[in-house]
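Colleague: I'd like to ask some things about the structure below.
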2 protein chains.
Amino acid sequence: MGRQDQLPSWNDGAAKAAIVEFVERTVSDAVPVEERVATFDADGTLWCEQPLPVEADFILRRLAELAAADPKLRDRQPWKAAYEHDNKWLGRAITEHYAGDDTKAKVLLGGVASAFAGIGAEEFVSKSGSFLRSAQHPTLGRAYLETAYLPMVELLGYLEANGFTNHIVSGSGGDFMRPISEQMFGIPIERVTGSATVLEYASGGTLTRKAKLGFLDDGPRKPIEIWSRIGRRPLLAGGNSNGDLPMLEFAQHPERPSLRLLVLHDDADREFAYTSGADKALAEAGKSGWTVVSMRDDFATVFGER
Amino acid sequence: MGRQDQLPSWNDGAAKAAIVEFVERTVSDAVPVEERVATFDADGTLWCEQPLPVEADFILRRLAELAAADPKLRDRQPWKAAYEHDNKWLGRAITEHYAGDDTKAKVLLGGVASAFAGIGAEEFVSKSGSFLRSAQHPTLGRAYLETAYLPMVELLGYLEANGFTNHIVSGSGGDFMRPISEQMFGIPIERVTGSATVLEYASGGTLTRKAKLGFLDDGPRKPIEIWSRIGRRPLLAGGNSNGDLPMLEFAQHPERPSLRLLVLHDDADREFAYTSGADKALAEAGKSGWTVVSMRDDFATVFGER
């Protein structure tokens with residue numbers, strides 16, 4: 001096309017062609033810039049979520065610390081699993097959640113919510129930032145800061161260069177990702193939405209985290225939060241699991257181009273291969289003609305330089 | 001000061017001086033632009049809220065329509081008050097709420113929540129936009145679109161010209177104000193937060209309003225929503241009632257300039273004179289040295305050209 005390729009880490013193929021066609025059509029249709037909204041799931045869509053989501057590692061380290069300090073916690077889930085490094089129990093909680101069984105997920109989320117209870121909102125962000133700027137991925141041999149998918153980072157930049165406003169709409173905590181969203185994805189903190197712990201305001205001006213989940217930003221909650229915060233339907237939505245299905249479905253306009261991207265984890269050599277928790281989304285993608293992004297076939301490179 | 005006055009509708013005085021000093025200090029301290037966050041209540045702070053908040057007029061017209069169509073509703077509050085144009089009952093609901101008694105407010109809010117139940121999120125915005133672009137204020141002899149306080153609109157522009165990002169954080173509905181926030185206040189829809197009706201997502205991609213209040217964006221909820229959406233404390237917060245007190249208090253930083261503005265309605269000739277529901281905020285302003293903006297003394301002009 002005579003232009004410099006703005007997506008050099010994407011292989012030529014249907015996914016890349018669909019992206020370029022969508023962006024070029026948005027521009028040629030002169031869609032107003034304020035309507036050029038793109039929303040992305042984070043875990044498994046923008047960065048690696050295996051063997052566990054990054055926030056899970058952060059919280060498990062905290063739960064293990066708490067169990068180390070208080071032996072009574074060592075017989076209770078999820079402190080027990082955290083203290084014993086029992087990743088199997090934890091992985092099952094996530095997998096079963098995406099398959100529709102929330103039993104373990106609720107136990108896990110109870111521990112998650114309590115892990116930082118009593119801590120100020122700003123202190124939490126400071127703690128998560130310290131973790132994210134220093135911790136290593138357990139198996140990839142790289143820092144968490146280096147676990148963003150390079151093609152997706154390029155996509156975010158390509159969209160922004162074409163007048164889009166990118167948002168993260170994550171099942172992980174909004175405050176967890178905020179310290180690194182700009183650095184890793186070029187997305188400022190006010191465009192990061194995620195699951196939320198209940199905050200308590202106290203006279204004097206403090207906000208303190210309570211031991212209670214406010215809402216889980218997953219499934220149908222994603223379009224609701226998008227509407228509440230952005231006030232528009234996205235033109236483009238990207239995800240990788242059943243929890244992203246409503247958000248992708250929500251990215252529809254009678255008079256505007258739209259694009260729904262579903263990242264397929266089919267690259268055991270370079271990342272991970274799994275479709276558990278993505279079956280419904282993959283079926284819907286097949287039925288509705290959404291764009292499936294094969295990490296194996298569509299990503300020329302998965303991660304950036306270390 | 002040899003510069004063009006960017007606040008020509010403000011009289012010289014302590015309030016204007018405090019604003020200019022705060023903005024100039026923010027600039028001379030080189031506070032990063034992303035930290036220059038300003039949050040404003042809407043009703044009674046940016047536009048007129050008497051004899052009733054604008055959204056109340058919108059909803060009351062709807063409740064009256066519903067009561068006209070269904071006689072059974074005519075004996076029930078708040079349909080009864082709406083149908084009979086009984087503004088006294090309605091005014092008391094608001095006044096008593098700000099004084100700490102939520103009995104009538106809950107009845108009113110029940111009706112409010114049900115007024116547009118079953119309607120799509122986008123259709124609601126379309127309805128509120130049609131209303132706001134056409135309806136007249138009941139006593140001021142001007143359209144609602146002309147009931148913004150000109151000095152506050154100038155303040156928003158002055159802040160924006162100095163790198164600030166302005167947000168509306170309203171006790172009224174976010175979706176209610178969004179159709180006119182850009183036109184009236186230069187604030188895009190994604191920076192409008194307000195009270196929220198519960199939305200239901202349905203497979204296929206629709207969002208429908210339920211007959212239930214999600215949250216009332218007032219009092220301690222304002223700083224919580226600010227944190228959740230913006231992720232920062234504001235440097236400047238403006239309000240006019242007890243419901244804004246936590247937001248004003250929240251606008252504090254150990255290392256940054258801050259400004260808290262409390263609009264005092266003391267101008268019965270040009271607008272309205274009332275302090276009910278503002279007693280605690282006024283007491284705190286006196287105690288903490290917050291800047292009280294007297295509409296009578298500080299506003300050279302109250303409203304813009306008709």
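In the structure tokens, the first chain shown is A, the next is B, and so on; residue numbers restart at 1 for each chain, and ligands run from 1 in the order shown.
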Which residues are near range 88-91 of chain A? Cut-off 10 Å, only C-alpha atoms, ignore same chain within fewer than 3 positions. Put them as a PyMOL selection string.
Modeller: chain A and resi 50-53+56+60+77-78+80-82+85+94-97+104-105+108
Colleague: Would you put the residues from that selection into a file with N, CA, C and O atoms, as a compact mmCIF listing (two decimals), in the first residue's frame?
Modeller:
```txt
# COMPACT_ATOMS: atom_id res chain seq x y z
N GLN A 50 -1.00 -16.25 32.06
CA GLN A 50 -0.65 -17.62 32.48
C GLN A 50 0.71 -17.63 33.16
O GLN A 50 1.56 -16.82 32.79
N PRO A 51 0.97 -18.50 34.11
CA PRO A 51 0.08 -19.52 34.66
C PRO A 51 -1.05 -18.95 35.52
O PRO A 51 -2.02 -19.65 35.77
N LEU A 52 -0.93 -17.68 35.92
CA LEU A 52 -1.99 -17.02 36.68
C LEU A 52 -1.98 -15.55 36.27
O LEU A 52 -0.94 -15.03 35.88
N PRO A 53 -3.12 -14.87 36.37
CA PRO A 53 -3.09 -13.43 36.11
C PRO A 53 -2.08 -12.72 37.02
O PRO A 53 -1.85 -13.16 38.15
N ALA A 56 -2.98 -11.87 40.48
CA ALA A 56 -3.07 -13.03 41.37
C ALA A 56 -1.72 -13.26 42.05
O ALA A 56 -1.65 -13.55 43.25
N LEU A 60 -1.29 -13.20 45.92
CA LEU A 60 -0.85 -14.43 46.58
C LEU A 60 0.39 -14.18 47.44
O LEU A 60 0.53 -14.76 48.52
N GLN A 77 -8.45 -21.57 52.84
CA GLN A 77 -8.25 -21.05 51.48
C GLN A 77 -8.72 -19.60 51.42
O GLN A 77 -9.65 -19.25 52.12
N PRO A 78 -8.09 -18.77 50.65
CA PRO A 78 -6.97 -19.08 49.75
C PRO A 78 -5.59 -18.86 50.38
O PRO A 78 -4.60 -19.00 49.68
N LYS A 80 -4.10 -20.76 52.48
CA LYS A 80 -3.41 -22.06 52.45
C LYS A 80 -2.70 -22.26 51.11
O LYS A 80 -1.50 -22.57 51.06
N ALA A 81 -3.43 -22.08 50.03
CA ALA A 81 -2.84 -22.27 48.70
C ALA A 81 -1.70 -21.30 48.47
O ALA A 81 -0.66 -21.65 47.89
N ALA A 82 -1.87 -20.08 48.93
CA ALA A 82 -0.83 -19.06 48.73
C ALA A 82 0.42 -19.45 49.52
O ALA A 82 1.55 -19.39 48.99
N HIS A 85 2.13 -22.42 48.00
CA HIS A 85 2.39 -22.26 46.55
C HIS A 85 1.63 -23.31 45.75
O HIS A 85 2.15 -23.89 44.81
N ILE A 94 -9.88 -20.06 38.77
CA ILE A 94 -10.04 -19.20 37.58
C ILE A 94 -10.74 -19.96 36.45
O ILE A 94 -11.71 -19.48 35.85
N THR A 95 -10.24 -21.17 36.19
CA THR A 95 -10.79 -21.96 35.07
C THR A 95 -12.26 -22.26 35.30
O THR A 95 -13.08 -22.12 34.39
N GLU A 96 -12.59 -22.68 36.53
CA GLU A 96 -13.99 -23.01 36.83
C GLU A 96 -14.88 -21.76 36.74
O GLU A 96 -16.03 -21.84 36.32
N HIS A 97 -14.33 -20.61 37.11
CA HIS A 97 -15.11 -19.37 36.98
C HIS A 97 -15.50 -19.13 35.53
O HIS A 97 -16.67 -18.86 35.22
N LYS A 104 -15.16 -21.79 43.87
CA LYS A 104 -13.80 -21.48 44.30
C LYS A 104 -13.47 -20.00 44.05
O LYS A 104 -12.74 -19.39 44.82
N ALA A 105 -14.00 -19.48 42.98
CA ALA A 105 -13.71 -18.07 42.66
C ALA A 105 -14.18 -17.17 43.79
O ALA A 105 -13.50 -16.20 44.14
N LEU A 108 -11.75 -17.49 46.60
CA LEU A 108 -10.53 -16.77 46.21
C LEU A 108 -10.75 -15.27 46.30
O LEU A 108 -9.92 -14.54 46.87
```
Colleague: Identify, with DSSP run on backbone atoms, the residues in range 64-283 of chain B assigned to helix (DSSP H, G or I), and express the list as a PyMOL selection string.
Modeller: chain B and resi 64-69+71-75+79-83+87-98+103-115+121-132+144-146+150-161+174-185+189-191+221-230+242-250+279-283
Colleague: Do me a favour and pick out the residues of chain A within 9 Å of chain B, using only C-alpha atoms, as an MDAnalysis selection string.
Modeller: chainID A and resid 34 121:122 174:175 178 188:193 196 198:207 220:221 223:224 227:232 246:252
Colleague: Grab the CA of Ala18 in chain B to CA of Ile168 in chain B distance for me, in Å with one decimal place.
Modeller: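 Going from CA of Ala18 in chain B over to CA of Ile168 in chain B, I get 21.1 Å.
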Colleague: Using only C-alpha atoms, which residues sit within 8 Å of range 47-49 of chain B once same-chain residues fewer than 3 positions away are excluded, as an MDAnalysis selection string?
Modeller: chainID B and resid 42:44 52:54 147:149 271
Colleague: Set the distance at 9 Å and use only C-alpha atoms: which residues neighbour Pro179 in chain A once local chain neighbours fewer than 2 positions away are removed? I'd like the list as a count of residues only.
Modeller: 14
Colleague: Running DSSP on the backbone, which parts of range 19-223 of chain A land in strand (DSSP E or B), as a ChimeraX atom specification?
Modeller: /A:37-40,43,47,120,136,143,148-149,165-173,192-202,206-215
